[in-house]
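> Input: one structure, supplied below.
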Amino acid sequence: MVTICDVFPHSKAMAAGILPGDVLISINGNEIEDVLDYRFYLAESSVTLALTRNGAPLEVTLKKDVYDDIGLEFETPLMDKKRTCANRCIFCFIDQLPRGLRPSLYFKDDDARLSFLHGNYITLTNLRDKDIDRIIKMHISPINVSVHTTNPTLRCEMMKNRRAGEVLAYLGRLAEAGIRICAQIVLCRGINDGAELERTMHDLATLSPQVSSVSVVPAGLTRYREGLYPLTPFTPAECRAVIAQVNRFGDACESTLGNRIFCVADEFYLKAGLPLPSEGYYGDYEQIENGVGMLRSLIAEFEAELPFLNEYCDVENFAPRHVSLATGKAAAPTMHHLAKMLEEKLNGIKISVHEVENRFFGEEITVAGLLTGKDMAEQLKGKPLGDAVIIPANTLRAEGDLFLCGMTPGELSDTLGVPVVPAKGEGAALLAALVGKRMPDMNELPQRKRNRLEREIYSLAGSFFITICTHGKQKILSNIVGAIHESPAINLTPCGHIIDNVIQELPNKFPITVDRYVIMPNHIHLIITLKDGDEIRAIRESPLPKRSVISRVVGYLKMNATKRIHCLMPGTVFQRSFYDHVIRNGREYDEISQYVMQNPQNWQTDILYW
């Protein structure tokens with residue numbers, strides 16, 4: 001049972017007379033303990049809420065669309081207390097924090113609900129069989145798991161928890177139930193590397209395709225390790241050895257399983273002195289928040305936006321501007337590279353890149369996101385900083401008002417004597433901050449007049465042919481009824497109807513028209529045209545930029561359809577990737593349009609039929 005703290009105006013709950021202070025007991029007879037119960041059991045067209053008001057029972061029945069919210073708010077987002085970590089991992093970063101920071105920084109969460117809602121990693125040691133049963137029943141997927149090692153004894157030693165080894169069996173149960181698992185291995189020198197890492201990668205690969213991605217990241221070691229387990233950092237040569245080992249295994253997985261699965265964090269490449277891999281190495285950037293592919297993604301996005309510089313500023317009449325870019329040791333070479341590219345493109349701009357040493361946490365901490373305002377103030381004060389200092393937005397807490405050390409951006413600005421501008425780690429956001437202008441609204445996609453670039457092709461109509469397949473070619477979306485080669489009908493399954501509804505939502509969410517589409521038993525074909533784009537860029541030899549509108553359209557379709565389908569059935573719904581093709585001219589548009597319309601007639605000869 002949970003207490004309702006607010007009821008939204010004009011909502012179904014308010015219309016039904018539900019009040020703040022009422023206690024929600026159950027929905028359709030299912031007891032409600034937290035947000036997962038609430039969201040799962042609310043997904044019905046008719047819901048009966050059992051409540052109490054001042055101790056007296058109350059029952060309310062509401063009619064609604066299946067996925068409509070009813071307008072209740074609770075004291076906490078989880079509707080329950082966060083579950084704290086019961087481990088004492090030898091590499092725990094929180095144990096390495098100095099005293100005197102914000103109390104919230106010392107909280108160790110290990111909550112499966114936060115893994116699902118916010119992408120947090122969990123160790124599984126807080127879970128029991130009933131929790132795994134609930135995850136499977138509700139198809140809470142993906143689950144992000146800190147594995148570190150699949151050697152049960154070693155895992156107990158690393159995590160200082162006697163359950164750490166036995167709960168590894170949960171990985172098999174989750175995989176068998178079709179729950180997607182994103183895993184991480186925090187690598188500790190001389191502990192779980194070498195032969196132990198090989199064992200861990202082998203064991204996790206046997207759970208493919210449910211284990212879809214695994215990041216291998218180095219343990220972060222601050223200067224506050226007195227009394228803690230004696231860990232030492234990897235040397236550059238050892239970093240190169242780790243990269244070679246993981247990539248050798250990943251290459252084999254890609255060859256045999258069709259998915260690399262294992263990727264190495266950017267930190268390893270930077271310390272090894274090796275160039276970052278190409279975009280193809282990172283697939284769909286599943287582990288980008290874990291520092292895997294973050295710099296490559298930023299480079300690709302920045303390069304993709306440079307041809308459209310005139311949307312960010314008046315290139316011909318650009319007023320001279322000098323800005324400083326503060327970053328950590330790891331990202332400094334990349335920032336120098338991006339600054340040089342912009343300086344070559346835009347006359348009048350000068351960018352000074354300042355590598356800030358992390359004195360607060362120690363020299364082994366080189367990522368930009370852990371820089372403090374104190375370090376930036378001490379190391380940048382008195383330098384010619386120009387018109388502004390651009391800092392990574394992830395150095396601040398979510399509200400954007402405090403650094404880890406407790407300093408505010410305003411205080412840093414006062415100390416340096418120039419405006420401090422936080423910029424997100426995305427190409428468009430960084431470019432806008434550097435030129436000092438508002439970032440174009442990517443959802444509006446204003447008309448872009450672009451010069452042709454080498455190795456690029458264009459679509460004058462701005463139209464794309466997209467194909468999305470179900471996972472394992474499962475025939476779960478529709479049935480083809482009637483004589484093939486005549487006029488067979490498409491009977492949508494419940495899953496197909498969900499996808500049909502999501503497709504019809506797309507023009508309301510994105511600047512596109514859905515010209516034609518067909519929902520076949522195991523795949524979807526769409527023709528999508530971008531609005532207000534007379535020359536829509538596509539790259540011939542690499543995927544479209546990760547945050548391009550087409551990727552976001554497909555991502556929205558997959559994510560929202562999957563969430564709704566999981567209320568009907570468990571399991572992975574779609575293949576991880578999708579096929580897209582730029583329609584180059586009117587003749588090709590007509591041919592593809594005809595192909596889409598005739599797809600049902602050609603079903604038995606379709607390459608995807610089997």
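The chains in the structure tokens are called A, B, ... from first to last as shown; in each chain the residues are counted from 1, and the ligands are counted from 1 in the order shown.
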Please provide the set of residues having any atom within 6 Å of Asp109 (chain A), restricted to only C-alpha atoms, with same-chain residues fewer than 2 positions apart removed, written as an mmCIF file with N, CA, C and O atoms, in the first residue's frame.

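Saved result, out_0.cif, follows:
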data_model
loop_
_atom_site.group_PDB
_atom_site.id
_atom_site.type_symbol
_atom_site.label_atom_id
_atom_site.label_comp_id
_atom_site.auth_asym_id
_atom_site.auth_seq_id
_atom_site.Cartn_x
_atom_site.Cartn_y
_atom_site.Cartn_z
ATOM 1 N N ARG A 83 16.670 0.909 -2.274
ATOM 2 C CA ARG A 83 17.380 -0.204 -1.647
ATOM 3 C C ARG A 83 18.879 0.066 -1.702
ATOM 4 O O ARG A 83 19.448 0.252 -2.769
ATOM 5 N N THR A 84 19.503 0.072 -0.540
ATOM 6 C CA THR A 84 20.920 0.390 -0.466
ATOM 7 C C THR A 84 21.764 -0.851 -0.729
ATOM 8 O O THR A 84 21.316 -1.986 -0.569
ATOM 9 N N CYS A 85 22.993 -0.629 -1.133
ATOM 10 C CA CYS A 85 23.917 -1.709 -1.486
ATOM 11 C C CYS A 85 24.405 -2.416 -0.224
ATOM 12 O O CYS A 85 24.792 -1.775 0.759
ATOM 13 N N ASP A 111 19.373 -1.066 -6.609
ATOM 14 C CA ASP A 111 17.925 -1.224 -6.705
ATOM 15 C C ASP A 111 17.523 -1.592 -8.131
ATOM 16 O O ASP A 111 17.760 -0.834 -9.062
#
> Please identify the helix (DSSP H, G or I) residues within region 309-543 of chain A (assignment by DSSP from backbone atoms) and present them as number ranges by chain.
A: 309-311, 332-345, 368-370, 373-380, 393-395, 409-416, 427-435, 471-473, 494-509
> List the spatial neighbours of region 195-208 of chain A as a VMD selection string - criterion: any atom at most 9 Å away, only C-alpha atoms, same-chain residues fewer than 3 positions off excluded.
chain A and resid 147 to 151 171 to 172 175 to 176 183 185 187 191 to 192 211 to 212 214 245 to 246 249 to 250 253 257 259 261 to 262
> Select, from A:His354, A:Lys271, A:Arg260, A:Lys160, the residue with the minimum atom-to-atom distance to Asn247 (chain A), counting only C-alpha atoms.
A:Arg260
> Could you name the residues that touch region 216-232 of chain A at 7 Å or less, counting only C-alpha atoms, but leaving out those on the same chain fewer than 6 positions away, as a PyMOL selection string?
chain A and resi 90-91+93+96-98+184-189+263-265+361-362+364-365
> Which one is closest to Phe302 (chain A): A:Gly100, A:Gly425, A:Pro409, A:Gly283? Count only C-alpha atoms.
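Using only C-alpha atoms, Phe302 (chain A) sits closest to A:Gly425.
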> Identify, on the basis of only C-alpha atoms, every residue whose closest approach to Thr61 (chain A) does not exceed 12 Å; exclude the query and any residue fewer than 6 positions from it along the same chain; express the result as a PyMOL selection string.
chain A and resi 12-13+15-18+26-29+42+44-51+70
> Which is closest to Gly427 (chain A) among A:Glu286, A:Asp314, A:Glu303, A:Asp500, if we use only C-alpha atoms?
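Comparing A:Glu286, A:Asp314, A:Glu303, A:Asp500 against Gly427 (chain A), the winner is A:Glu303.
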> Using only C-alpha atoms, which protein or nucleic acid residues come within 8 Å of Val23 (chain A)? Drop anything in the same chain fewer than 6 positions from it, and give the result as number ranges by chain.
A: 1-4, 51-53
